[in-house]
Each structure stands twice: as C-alpha cells, then as structure tokens.
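Engineer: This is structure35.txt, which holds compact mmCIF, C-alpha atoms:
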# COMPACT_ATOMS: atom_id res chain seq x y z
CA MET A 1 -39.99 230.55 -141.45
CA TYR A 2 -39.53 232.15 -144.87
CA HIS A 3 -42.90 231.70 -146.60
CA PRO A 4 -46.33 230.68 -145.34
CA LYS A 5 -46.86 226.96 -145.90
CA SER A 6 -49.26 227.16 -148.84
CA VAL A 7 -46.93 229.61 -150.59
CA SER A 8 -43.97 227.23 -150.10
CA THR A 9 -46.07 224.38 -151.48
CA LEU A 10 -46.98 226.40 -154.56
CA ILE A 11 -43.34 227.43 -155.10
CA GLY A 12 -42.34 223.76 -154.75
CA GLU A 13 -44.81 222.79 -157.48
CA LEU A 14 -43.88 225.66 -159.81
CA VAL A 15 -40.17 224.89 -159.54
CA LYS A 16 -40.83 221.53 -161.21
CA LEU A 17 -41.82 223.28 -164.44
CA PRO A 18 -39.14 223.44 -167.16
CA GLY A 19 -37.04 226.60 -167.10
CA VAL A 20 -38.47 227.72 -163.76
CA GLY A 21 -35.93 228.15 -160.96
CA GLN A 22 -36.45 229.16 -157.34
CA LYS A 23 -36.54 232.92 -158.04
CA THR A 24 -38.94 232.60 -160.96
CA ALA A 25 -41.17 230.27 -158.97
CA GLU A 26 -41.30 232.82 -156.14
CA ARG A 27 -42.19 235.57 -158.61
CA LEU A 28 -44.94 233.46 -160.18
CA ALA A 29 -46.29 232.46 -156.75
CA PHE A 30 -46.51 236.09 -155.62
CA PHE A 31 -48.16 236.99 -158.91
CA ILE A 32 -50.78 234.30 -158.34
CA LEU A 33 -51.21 235.53 -154.76
CA LYS A 34 -51.89 239.05 -156.01
CA ALA A 35 -54.16 237.97 -158.85
CA SER A 36 -57.91 237.83 -158.31
CA LYS A 37 -59.38 234.57 -157.04
CA ASN A 38 -61.20 234.22 -160.36
CA GLU A 39 -57.95 234.47 -162.35
CA ALA A 40 -56.24 231.86 -160.17
CA GLU A 41 -59.21 229.54 -160.52
CA LYS A 42 -59.15 229.91 -164.30
CA LEU A 43 -55.49 228.86 -164.36
CA ALA A 44 -56.08 225.89 -162.05
CA ARG A 45 -59.15 224.85 -164.07
CA ALA A 46 -57.19 225.06 -167.37
CA ILE A 47 -54.51 222.74 -165.91
CA LEU A 48 -57.11 220.20 -164.79
CA ASP A 49 -59.08 220.45 -168.03
CA VAL A 50 -56.08 219.80 -170.21
CA LYS A 51 -55.41 216.54 -168.36
CA GLY A 52 -59.08 215.60 -168.35
CA THR A 53 -60.03 216.23 -171.95
CA ILE A 54 -56.90 215.60 -174.00
CA ARG A 55 -56.52 212.13 -175.47
CA GLN A 56 -54.07 210.52 -177.87
CA CYS A 57 -55.17 209.98 -181.47
CA SER A 58 -55.13 206.23 -182.14
CA ILE A 59 -54.04 206.81 -185.74
CA CYS A 60 -51.23 209.40 -185.61
CA ASN A 61 -50.46 209.40 -181.82
CA SER A 62 -50.84 213.16 -181.63
CA ILE A 63 -52.84 214.76 -178.84
CA ALA A 64 -56.31 216.08 -179.52
CA ASP A 65 -59.74 216.73 -178.08
CA SER A 66 -61.14 213.79 -180.04
CA ASP A 67 -60.05 210.40 -181.41
CA PRO A 68 -59.32 210.34 -184.32
CA CYS A 69 -57.86 213.82 -184.16
CA GLU A 70 -59.05 216.71 -186.32
CA ILE A 71 -56.34 216.05 -188.92
CA CYS A 72 -56.70 212.26 -189.19
CA GLY A 73 -60.47 212.75 -189.34
CA ASN A 74 -60.25 215.25 -192.20
CA PRO A 75 -60.79 213.44 -195.53
CA LYS A 76 -59.76 216.49 -197.57
CA ARG A 77 -56.05 216.25 -196.77
CA ASP A 78 -53.51 214.65 -199.09
CA LYS A 79 -53.77 210.89 -198.45
CA THR A 80 -50.53 210.04 -200.25
CA THR A 81 -48.17 211.97 -197.95
CA LEU A 82 -47.17 211.16 -194.39
CA CYS A 83 -44.94 213.38 -192.27
CA VAL A 84 -43.01 211.62 -189.49
CA ILE A 85 -42.32 213.78 -186.42
CA GLU A 86 -40.92 213.27 -182.93
CA GLU A 87 -43.50 214.91 -180.68
CA PRO A 88 -47.06 216.29 -180.90
CA HIS A 89 -45.82 219.88 -180.60
CA ASP A 90 -43.87 219.43 -183.86
CA LEU A 91 -47.23 218.86 -185.55
CA PHE A 92 -48.55 222.20 -184.29
CA ALA A 93 -45.38 223.95 -185.44
CA ILE A 94 -45.78 222.53 -188.96
CA GLU A 95 -49.53 223.24 -189.05
CA LYS A 96 -48.78 226.86 -188.19
CA THR A 97 -46.89 227.24 -191.49
CA GLY A 98 -50.06 226.28 -193.37
CA GLY A 99 -47.92 224.79 -196.15
CA TYR A 100 -48.33 221.05 -195.52
CA ARG A 101 -51.57 219.28 -196.44
CA GLY A 102 -50.77 215.61 -195.79
CA TYR A 103 -51.17 213.50 -192.66
CA TYR A 104 -48.81 213.02 -189.71
CA HIS A 105 -47.27 210.20 -187.72
CA VAL A 106 -45.88 211.01 -184.28
CA LEU A 107 -43.05 208.69 -183.15
CA MET A 108 -43.43 209.78 -179.51
CA GLY A 109 -39.69 210.24 -179.12
CA VAL A 110 -36.43 209.75 -180.94
CA LEU A 111 -33.80 207.00 -180.98
CA SER A 112 -31.38 207.77 -178.17
CA PRO A 113 -29.21 204.87 -176.97
CA LEU A 114 -27.72 207.04 -174.21
CA ASP A 115 -31.20 207.57 -172.72
CA GLY A 116 -32.11 203.92 -173.31
CA VAL A 117 -34.62 204.71 -176.07
CA GLY A 118 -34.57 202.02 -178.78
CA PRO A 119 -36.80 201.33 -181.82
CA ASP A 120 -39.28 199.36 -179.68
CA ASP A 121 -39.98 202.46 -177.58
CA LEU A 122 -41.12 204.45 -180.61
CA SER A 123 -44.27 204.06 -182.67
CA ILE A 124 -42.47 202.53 -185.66
CA ASP A 125 -44.67 199.42 -186.13
CA GLY A 126 -47.67 201.70 -186.44
CA LEU A 127 -45.84 203.72 -189.09
CA VAL A 128 -45.02 200.61 -191.17
CA ASN A 129 -48.63 199.45 -190.87
CA ARG A 130 -49.97 202.76 -192.11
CA ILE A 131 -47.58 202.84 -195.09
CA GLU A 132 -48.63 199.31 -196.09
CA LYS A 133 -52.36 199.85 -195.64
CA ASP A 134 -53.02 203.45 -196.66
CA GLY A 135 -51.28 203.68 -200.03
CA ILE A 136 -48.76 206.29 -198.88
CA LYS A 137 -46.51 207.50 -201.73
CA GLU A 138 -44.13 209.79 -199.86
CA VAL A 139 -42.88 209.76 -196.28
CA ILE A 140 -41.34 213.06 -195.19
CA ILE A 141 -39.10 212.52 -192.17
CA ALA A 142 -39.22 215.71 -190.10
CA THR A 143 -37.38 214.63 -186.96
CA ASN A 144 -35.17 217.38 -185.53
CA PRO A 145 -31.96 218.23 -187.42
CA ASN A 146 -29.62 216.92 -184.71
CA MET A 147 -27.72 213.69 -184.08
CA GLU A 148 -30.62 211.72 -182.61
CA GLY A 149 -33.08 213.05 -185.18
CA ASP A 150 -30.73 212.17 -188.06
CA ALA A 151 -30.06 208.67 -186.70
CA THR A 152 -33.79 208.07 -186.32
CA ALA A 153 -34.40 209.33 -189.87
CA MET A 154 -31.71 206.99 -191.19
CA TYR A 155 -33.11 204.02 -189.26
CA ILE A 156 -36.68 204.60 -190.47
CA SER A 157 -35.54 205.26 -194.01
CA ASN A 158 -33.69 201.91 -194.17
CA LEU A 159 -36.69 200.15 -192.67
CA ILE A 160 -39.38 201.50 -195.01
CA LYS A 161 -37.51 201.82 -198.32
CA PRO A 162 -38.31 198.15 -199.18
CA LEU A 163 -42.02 199.12 -199.02
CA GLU A 164 -41.50 201.05 -202.26
CA VAL A 165 -42.29 204.44 -200.87
CA LYS A 166 -40.42 207.67 -201.56
CA VAL A 167 -38.60 208.74 -198.39
CA THR A 168 -37.52 212.38 -198.00
CA ARG A 169 -35.89 214.40 -195.25
CA ILE A 170 -36.66 218.09 -194.55
CA ALA A 171 -33.97 220.46 -195.84
CA ARG A 172 -31.13 221.79 -193.75
CA GLY A 173 -29.73 225.20 -194.63
CA LEU A 174 -29.49 228.80 -193.56
CA PRO A 175 -32.57 230.08 -191.72
CA MET A 176 -34.51 232.98 -193.28
CA GLY A 177 -32.91 236.27 -192.27
CA GLY A 178 -29.69 234.39 -191.48
CA ASP A 179 -26.23 235.58 -192.32
CA LEU A 180 -23.53 233.56 -194.10
CA GLU A 181 -20.87 235.21 -192.00
CA TYR A 182 -22.33 233.94 -188.74
CA ALA A 183 -23.59 230.52 -189.88
CA ASP A 184 -21.85 227.46 -188.43
CA GLU A 185 -19.82 225.32 -190.84
CA VAL A 186 -22.15 222.32 -190.86
CA THR A 187 -25.23 224.41 -191.65
CA LEU A 188 -23.39 226.30 -194.39
CA MET A 189 -22.14 223.03 -195.89
CA LYS A 190 -25.64 221.55 -195.78
CA SER A 191 -27.02 224.64 -197.52
CA PHE A 192 -24.55 224.05 -200.37
CA GLU A 193 -25.34 220.34 -200.55
CA GLY A 194 -29.06 221.09 -200.64
CA ARG A 195 -28.82 223.86 -203.25
CA MET A 196 -31.72 224.05 -205.69
CA GLU A 197 -31.98 225.34 -209.24
CA ILE A 198 -33.76 228.69 -209.56
CA MET B 1 -56.40 224.58 -186.01
CA TYR B 2 -53.08 224.80 -184.22
CA HIS B 3 -53.74 223.36 -180.77
CA PRO B 4 -56.63 221.42 -179.29
CA LYS B 5 -59.00 223.79 -177.50
CA SER B 6 -58.07 222.90 -173.91
CA VAL B 7 -54.36 223.31 -174.76
CA SER B 8 -55.01 226.77 -176.26
CA THR B 9 -56.95 227.72 -173.13
CA LEU B 10 -54.10 226.61 -170.88
CA ILE B 11 -51.56 228.49 -173.01
CA GLY B 12 -53.80 231.56 -172.83
CA GLU B 13 -53.81 231.38 -169.03
CA LEU B 14 -50.06 230.70 -168.71
CA VAL B 15 -49.18 233.63 -170.98
CA LYS B 16 -50.68 235.97 -168.36
CA LEU B 17 -47.95 235.03 -165.87
CA PRO B 18 -45.05 237.50 -165.59
CA GLY B 19 -42.07 236.70 -167.82
CA VAL B 20 -43.99 234.02 -169.71
CA GLY B 21 -44.35 234.61 -173.46
CA GLN B 22 -46.12 232.54 -176.10
CA LYS B 23 -43.22 230.09 -176.62
CA THR B 24 -42.65 229.54 -172.90
CA ALA B 25 -46.37 229.10 -172.32
CA GLU B 26 -46.45 226.43 -175.06
CA ARG B 27 -43.49 224.65 -173.47
CA LEU B 28 -45.11 224.74 -170.03
CA ALA B 29 -48.44 223.54 -171.44
CA PHE B 30 -46.80 220.57 -173.17
CA PHE B 31 -44.88 219.78 -170.00
CA ILE B 32 -48.14 219.73 -168.04
CA LEU B 33 -49.69 217.56 -170.76
CA LYS B 34 -46.85 215.06 -170.44
CA ALA B 35 -46.80 215.11 -166.63
CA SER B 36 -48.82 212.55 -164.70
CA LYS B 37 -52.40 213.44 -163.80
CA ASN B 38 -51.37 213.45 -160.14
CA GLU B 39 -48.61 216.02 -160.73
CA ALA B 40 -50.97 218.31 -162.65
CA GLU B 41 -53.55 218.03 -159.90
CA LYS B 42 -50.96 218.90 -157.26
CA LEU B 43 -50.07 222.07 -159.16
CA ALA B 44 -53.72 223.07 -159.64
CA ARG B 45 -54.46 222.31 -155.97
CA ALA B 46 -51.48 224.42 -154.81
CA ILE B 47 -52.77 227.38 -156.86
CA LEU B 48 -56.25 227.08 -155.38
CA ASP B 49 -54.94 226.51 -151.83
CA VAL B 50 -52.76 229.59 -151.89
CA LYS B 51 -55.78 231.74 -152.73
CA GLY B 52 -57.96 229.94 -150.21
CA THR B 53 -55.74 229.88 -147.13
CA ILE B 54 -53.57 232.97 -147.36
CA ARG B 55 -54.79 236.02 -145.46
CA GLN B 56 -53.38 239.44 -144.72
CA CYS B 57 -51.95 240.07 -141.26
CA SER B 58 -54.03 242.84 -139.66
CA ILE B 59 -50.97 244.21 -137.85
CA CYS B 60 -48.16 244.29 -140.44
CA ASN B 61 -50.17 243.74 -143.70
CA SER B 62 -47.95 240.86 -144.73
CA ILE B 63 -49.42 237.64 -146.04
CA ALA B 64 -49.59 234.61 -143.79
CA ASP B 65 -51.48 231.44 -142.94
CA SER B 66 -52.79 233.06 -139.78
CA ASP B 67 -53.75 236.50 -138.42
CA PRO B 68 -51.69 237.85 -136.72
CA CYS B 69 -48.85 236.39 -138.78
CA GLU B 70 -46.10 234.25 -137.30
CA ILE B 71 -43.79 237.26 -136.87
CA CYS B 72 -46.31 239.69 -135.33
CA GLY B 73 -47.46 236.85 -133.04
CA ASN B 74 -43.92 236.11 -131.83
CA PRO B 75 -43.32 237.94 -128.50
CA LYS B 76 -39.58 237.12 -128.54
CA ARG B 77 -38.69 239.54 -131.33
CA ASP B 78 -37.27 243.01 -130.72
CA LYS B 79 -40.30 245.21 -129.90
CA THR B 80 -38.39 248.48 -130.31
CA THR B 81 -37.54 248.10 -134.01
CA LEU B 82 -39.86 248.31 -137.00
CA CYS B 83 -38.77 247.70 -140.57
CA VAL B 84 -40.86 249.40 -143.28
CA ILE B 85 -41.02 247.52 -146.60
CA GLU B 86 -42.94 247.83 -149.85
CA GLU B 87 -44.29 244.33 -150.42
CA PRO B 88 -44.72 241.05 -148.49
CA HIS B 89 -41.98 239.35 -150.54
CA ASP B 90 -39.47 241.89 -149.20
CA LEU B 91 -40.21 240.49 -145.73
CA PHE B 92 -39.30 236.97 -146.84
CA ALA B 93 -36.10 238.23 -148.47
CA ILE B 94 -35.05 239.94 -145.21
CA GLU B 95 -36.07 236.96 -143.06
CA LYS B 96 -33.87 234.74 -145.23
CA THR B 97 -30.81 236.70 -144.08
CA GLY B 98 -31.59 235.75 -140.47
CA GLY B 99 -30.00 239.01 -139.30
CA TYR B 100 -33.04 241.11 -138.41
CA ARG B 101 -35.00 240.41 -135.21
CA GLY B 102 -37.53 243.26 -135.07
CA TYR B 103 -41.03 243.54 -136.51
CA TYR B 104 -42.19 244.62 -139.98
CA HIS B 105 -44.66 247.01 -141.53
CA VAL B 106 -45.67 246.42 -145.16
CA LEU B 107 -46.74 249.57 -147.04
CA MET B 108 -48.41 247.54 -149.81
CA GLY B 109 -46.79 249.63 -152.50
CA VAL B 110 -44.64 252.67 -153.03
CA LEU B 111 -45.35 256.34 -153.80
CA SER B 112 -45.57 256.64 -157.56
CA PRO B 113 -47.34 259.74 -158.90
CA LEU B 114 -46.98 258.46 -162.48
CA ASP B 115 -49.00 255.34 -161.60
CA GLY B 116 -51.43 257.39 -159.51
CA VAL B 117 -50.26 255.96 -156.19
CA GLY B 118 -50.37 258.60 -153.45
CA PRO B 119 -49.87 258.43 -149.65
CA ASP B 120 -53.54 257.49 -149.11
CA ASP B 121 -53.05 254.31 -151.14
CA LEU B 122 -50.32 253.06 -148.81
CA SER B 123 -50.63 251.78 -145.27
CA ILE B 124 -49.06 254.87 -143.72
CA ASP B 125 -51.76 255.66 -141.11
CA GLY B 126 -51.29 252.16 -139.72
CA LEU B 127 -47.55 252.77 -139.48
CA VAL B 128 -48.00 256.05 -137.56
CA ASN B 129 -50.46 254.31 -135.22
CA ARG B 130 -48.03 251.51 -134.47
CA ILE B 131 -45.15 253.90 -133.78
CA GLU B 132 -47.31 255.91 -131.36
CA LYS B 133 -48.79 252.90 -129.56
CA ASP B 134 -46.03 250.28 -129.46
CA GLY B 135 -43.08 252.27 -128.14
CA ILE B 136 -41.00 251.85 -131.29
CA LYS B 137 -37.50 253.35 -130.93
CA GLU B 138 -36.13 252.84 -134.45
CA VAL B 139 -37.86 252.69 -137.83
CA ILE B 140 -35.67 251.15 -140.56
CA ILE B 141 -36.98 252.17 -143.97
CA ALA B 142 -36.18 249.33 -146.37
CA THR B 143 -38.05 250.43 -149.47
CA ASN B 144 -36.20 249.61 -152.69
CA PRO B 145 -33.12 251.74 -153.53
CA ASN B 146 -34.69 253.45 -156.55
CA MET B 147 -36.45 256.74 -157.21
CA GLU B 148 -39.89 255.71 -155.93
CA GLY B 149 -38.42 253.89 -152.93
CA ASP B 150 -36.26 256.88 -152.00
CA ALA B 151 -39.14 259.32 -152.38
CA THR B 152 -41.34 257.13 -150.19
CA ALA B 153 -38.57 256.86 -147.59
CA MET B 154 -38.19 260.64 -147.56
CA TYR B 155 -41.95 261.19 -147.24
CA ILE B 156 -42.30 258.73 -144.35
CA SER B 157 -39.20 260.05 -142.65
CA ASN B 158 -40.57 263.64 -142.66
CA LEU B 159 -43.92 262.38 -141.39
CA ILE B 160 -42.69 260.31 -138.45
CA LYS B 161 -39.66 262.27 -137.24
CA PRO B 162 -41.91 264.51 -135.05
CA LEU B 163 -42.89 261.31 -133.19
CA GLU B 164 -39.40 261.27 -131.69
CA VAL B 165 -38.32 258.03 -133.25
CA LYS B 166 -34.96 257.26 -134.85
CA VAL B 167 -35.45 256.86 -138.61
CA THR B 168 -32.80 254.99 -140.62
CA ARG B 169 -32.49 253.94 -144.23
CA ILE B 170 -30.78 250.70 -145.38
CA ALA B 171 -27.27 251.25 -146.78
CA ARG B 172 -26.48 251.67 -150.45
CA GLY B 173 -23.06 250.54 -151.68
CA LEU B 174 -21.25 247.92 -153.68
CA PRO B 175 -22.83 244.46 -153.52
CA MET B 176 -20.73 241.61 -152.07
CA GLY B 177 -18.52 240.14 -154.78
CA GLY B 178 -18.90 243.36 -156.76
CA ASP B 179 -16.15 245.11 -158.64
CA LEU B 180 -15.27 248.83 -158.36
CA GLU B 181 -14.36 248.90 -162.04
CA TYR B 182 -17.85 247.86 -163.13
CA ALA B 183 -19.92 249.68 -160.50
CA ASP B 184 -22.14 252.52 -161.71
CA GLU B 185 -21.22 256.03 -160.55
CA VAL B 186 -24.17 256.53 -158.22
CA THR B 187 -23.58 253.25 -156.38
CA LEU B 188 -19.86 253.97 -156.05
CA MET B 189 -20.57 257.47 -154.76
CA LYS B 190 -23.10 256.08 -152.25
CA SER B 191 -20.54 253.54 -151.06
CA PHE B 192 -18.13 256.41 -150.31
CA GLU B 193 -20.82 258.48 -148.58
CA GLY B 194 -21.80 255.51 -146.45
CA ARG B 195 -18.25 254.47 -145.52
CA MET B 196 -17.80 253.09 -142.00
CA GLU B 197 -14.86 252.99 -139.61
CA ILE B 198 -13.18 249.58 -139.34
Re-express the file's structure as structure tokens.

Structural biologist:
Amino acid sequence: MYHPKSVSTLIGELVKLPGVGQKTAERLAFFILKASKNEAEKLARAILDVKGTIRQCSICNSIADSDPCEICGNPKRDKTTLCVIEEPHDLFAIEKTGGYRGYYHVLMGVLSPLDGVGPDDLSIDGLVNRIEKDGIKEVIIATNPNMEGDATAMYISNLIKPLEVKVTRIARGLPMGGDLEYADEVTLMKSFEGRMEI
Amino acid sequence: MYHPKSVSTLIGELVKLPGVGQKTAERLAFFILKASKNEAEKLARAILDVKGTIRQCSICNSIADSDPCEICGNPKRDKTTLCVIEEPHDLFAIEKTGGYRGYYHVLMGVLSPLDGVGPDDLSIDGLVNRIEKDGIKEVIIATNPNMEGDATAMYISNLIKPLEVKVTRIARGLPMGGDLEYADEVTLMKSFEGRMEI
C-alpha cells in the first residue's frame, strides 16, 4: 500500500485536472486532508454548484447564471458591434479590460481540421442569423492570434462580408512592456504592418 | 461583472490550494465547467470522502482508513526498528521505495522556534513511550535534511539515547544521477563525511 484508498481516489481525480501531475495531485490531496472539514466542504460545494447553476446563454453561447446572460440582457451596450470569440473565458478576459461595450458571440471552438473540427461544429449559423436580424454594423473577430484562429477568422470573414457588414480583426503587435530585441520576427512584422498614425 | 457568481466562488476556493494562483484557478474552474457533470461530482465526492473516512492512527499518528493503520496492524514487519518522520506523506514516500520493513512514528511537524513550534507540539512523548514499551532496538530519524529537520533529529537523539537504543540519521550525499560539478558544497562535504567502504 502507498496511500489509504480514499486518498488514492482523490489523487486519481485531481490528476485529471489540466496541469496537475502526480506530485501536484499528492500535494493538493494532502493539503485538503489537512484543511478543516468546513474548507473541504466549501470546495466540494463550489464544484457542484458551478455544474448545477451555470447555463449557456441562448443568444451568445457564453456561460452565465441566467439566460440570456448579463451582457445579452443589458440594453445599454452598443447594439451595432459584435465581437466573435472562441470560448467563454475569452469574453471574461475582454470584459476585464473594460474597453469594449458591444455584444459577444462565442463560437464554442475554432476550425481545426487536424482535430476534426469543421464549420458545422461551431456556432456559425447563429452568428449569421444575428448579423442579419440585429442590424450589426461591425463584427470584430477576436479569435486567438494563431494558425487555427487566423483560419477561422478568414473563413468567417469570407462568409459574412456579403452581408454588408464591416469585418475587423484584433491587432497583432508587440505586447505592452515588450522589447523589440526579443520579439519574434512574425510579431515584429505584424507590428509594422499594423502601424498607426500618431 | 467578470465571471458568473458560482464561477467566481469556485475560483475563490481553488485559489486557496497550494501553488494555485488566479490564472491557474481560472483554468481549473473552466475545465470543471467543461467536464461532464459526472466527472465534477466524482471530484467533489472524493474531496468529501477523504475528509469523512480518513482517521489518524493512534499508534503512529499517520493517516489511514483504519485505526490502527495498515502498517501498525501488520505483525510481519520488523518490530525492532522505528522510523521517525515529520509528516504522514513522508511515510508514503518511504513505503514507495519498498526497502524499509520496520514501523513508523509521525511527529506531526518539526521543531521550528520561528513558527512557535516547540517539543510539546510534536508527538515526542508518544515516541518515548513506544521505545520503552515495544523493545525497539534502532530508531532511524528521517526528518528532512534541512535546519529544522536536523535540529529536531538532534533534540530527539539527545532525549532517547539514555533509553539504550541505537539512534541513526538517514544519509546525506549526492542524489542518484547527480553531478559532482553542480552539487552544492554542503551536500558534497556530507557525501565525503558519509563515505562507505565498497
């Protein structure tokens, strides 16, 4: 025997989490063992609650406590702008900046032929519907700046341009606090291509 | 708003785990959100079970499903040898090696005046009792090879030597696969001091 059975079970469950290996799982399990019963119950309850109360917004596909979500249900946001993102957590990252006031559309993934993800697996029909119905003037495509994200942006852009909507892509360039000397060539090139007048 | 309330709560609980910062907690929370309800329930159940079923062994202080634990309840182990360790997880680390066949005694900590941990906070009386009663011939002190662990080893050694028991300390030296060139001075010195005839 190495660990008591319930400890092994807990380690086995923790090891399934992303970025958690055997050693980390053991450390977490022993932390939980040492924590008060109340603390452990709060963690277990939070895990159950999140599965019980979170639903998908039927408009933007994001996750929320309610349907429609807080953003789709807010009439004060800019109705003419729609930001297309890959996953719900991208929405929270953008909301954190506080600089975007339009609505969102979550694709629930990204085109990835290698993983067998095609256009039918993403929420693209819903996007086209919303553009046609809601009088959207600009669609900002904020998929990740990598190969899959760029291919998805290109695909969506070709698909929705006939709907007479302005399609934009978020800028690529040097990150704030970055250093020209250490930037990779593609990023540096993109920061020249995307230069703006000051 | 950044996250729905139940997601924020879960992130708040996850961030309390050791080595888990805000970003990691967010990643774990979104992983749990995406996982099936069954998977999330298994994790929550494992956390609750570990607090519900694990008890402390009244002989060695280690954690186990039963009292006495599987090791203290095993009459086939070497009754003359007792290994003194700081924490229950040290026991599992030593058991994994498969090379030790005696019994254990968990101190439940280590002498640390800076953290206010004195001899009365450790299970030292229990250790003295066991040595006197159980006919122990050798006590192997396997506290960690650092300042607190060494001080604790020295304290225990002085305390139990009058009981006419052999007291040993686990060896310090270069780890397997190590490299003389990169070893720190203290470790290299200890590996010379502890040299053995071949």

Engineer: Between B:Lys133, B:Arg169, B:His89, B:Arg101, which is the closest to Lys23 of chain A once you count all atoms listed in the file?

Structural biologist: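 Result for the nearest residue to Lys23 of chain A: B:His89.
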
Engineer: With only C-alpha atoms counted and 6 Å as the cut-off, give the residues of chain A in contact with chain B, each with its shortest interatomic distance in Å and the pair that gives it, as CSV.

Structural biologist:
residue,atom,partner,partner_atom,distance
A:Tyr2,CA,B:Phe92,CA,5.2
A:Pro4,CA,B:Ala64,CA,5.3
A:Ser6,CA,B:Val50,CA,5.2
A:Val7,CA,B:Val50,CA,6.0
A:Leu10,CA,B:Ala46,CA,4.9
A:Glu13,CA,B:Leu43,CA,5.6
A:Leu43,CA,B:Glu13,CA,5.6
A:Ala44,CA,B:Ala44,CA,4.4
A:Ala46,CA,B:Leu10,CA,4.9
A:Val50,CA,B:Ser6,CA,5.2
A:Ala64,CA,B:Pro4,CA,5.4
A:Asp65,CA,B:Pro4,CA,5.8
A:Phe92,CA,B:Tyr2,CA,5.2

Engineer: Between atom CA of Met154 of chain A and atom CA of Gly73 of chain A, what is the distance, to one decimal in Å?

Structural biologist: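 That distance, rounded to one decimal, is 29.4 Å.
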
Engineer: If you measure from atom CA of Gly99 of chain B to atom CA of Pro75 of chain B, what distance in Å do you get, rounded to one decimal?

Structural biologist: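 Pair atom CA of Gly99 of chain B / atom CA of Pro75 of chain B returns 17.2 Å.
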
Engineer: Around all the atoms of segment 153-167 of chain A listed in the file, with 5 Å of room on each side, what axis-aligned box do you get, giving centre and edge lengths in Å to one decimal, as lines of an AutoDock Vina configuration file?

Structural biologist:
center_x = -37.0
center_y = 203.7
center_z = -195.8
size_x = 20.6
size_y = 21.2
size_z = 23.0

Engineer: Distance cut-off 10 Å, centre (-38.7, 218.1, -182.1) in file coordinates, counting all atoms listed in the file: which residues qualify? Return them as a list in words.

Structural biologist: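 The requested residues, written out, are Ile85, Glu86, Glu87, Pro88, His89, Asp90, Leu91, Ala93, Met108, Gly109, Val110, Ala142, Thr143, Asn144, Pro145, Asn146 and Gly149 of chain A.
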
Engineer: Let me make sure I understand: among B:Gly118, B:Lys166, B:Gln22, B:Tyr104, which one has the smallest atom-to-atom distance to Arg77 of chain B if we use only C-alpha atoms?

Structural biologist: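 Nearest to Arg77 of chain B: B:Tyr104.
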
Engineer: Provide the atom CA of Asp184 of chain B to atom CA of Ala171 of chain B distance in Å, to one decimal place.

Structural biologist: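 Those two atoms sit 15.8 Å apart.
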
Engineer: Which neighbours of Lys79 of chain B fall inside 7 Å, counting only C-alpha atoms, when residues of the same chain fewer than 3 positions from it are skipped, and could you give them as an MDAnalysis selection string?

Structural biologist: chainID B and resid 102:103 136

Engineer: Those residues with C-alpha atoms, as an mmCIF file, in the frame of the given file please?

Structural biologist:
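Output file out.cif is given in full below:
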data_model
loop_
_atom_site.group_PDB
_atom_site.id
_atom_site.type_symbol
_atom_site.label_atom_id
_atom_site.label_comp_id
_atom_site.auth_asym_id
_atom_site.auth_seq_id
_atom_site.Cartn_x
_atom_site.Cartn_y
_atom_site.Cartn_z
ATOM 1 C CA GLY B 102 -37.530 243.260 -135.070
ATOM 2 C CA TYR B 103 -41.030 243.540 -136.510
ATOM 3 C CA ILE B 136 -41.000 251.850 -131.290
#

Engineer: Given the choices A:Tyr182, A:Leu159, A:Cys57, A:Leu107, which gets closest to Asp121 of chain A if the distance is worked out from all atoms listed in the file?

Structural biologist: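 Nearest to Asp121 of chain A: A:Leu107.
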
Engineer: I want to know what sits within 12 Å of Val128 of chain B, based on all atoms listed in the file, with residues of the same chain fewer than 5 positions away left out; could you give that as a list in words?

Structural biologist: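 Everything that qualifies: Leu82, Val84, His105, Leu107, Leu122, Ser123, Lys133, Asp134, Gly135, Ile136, Val139, Ile156, Ser157, Asn158, Leu159, Ile160, Lys161, Pro162, Leu163, Glu164 and Val165 of chain B.
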
Engineer: Neighbouring residues of Glu193 of chain B were defined as those with any atom within 12 Å, considering only C-alpha atoms; residues of the same chain fewer than 5 positions away were excluded. Please report them as a list of chain:residue names.

Structural biologist: B:Ala171, B:Arg172, B:Gly173, B:Leu174, B:Val186, B:Thr187, B:Leu188

Engineer: Please return as a list in words every residue within 7 Å of (-44.9, 212.4, -198.1), taking into account only C-alpha atoms and the file's own coordinates.

Structural biologist: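 Using only C-alpha atoms, the matching residues come out as Thr80, Thr81, Leu82, Cys83, Lys137, Glu138, Val139 and Ile140 of chain A.
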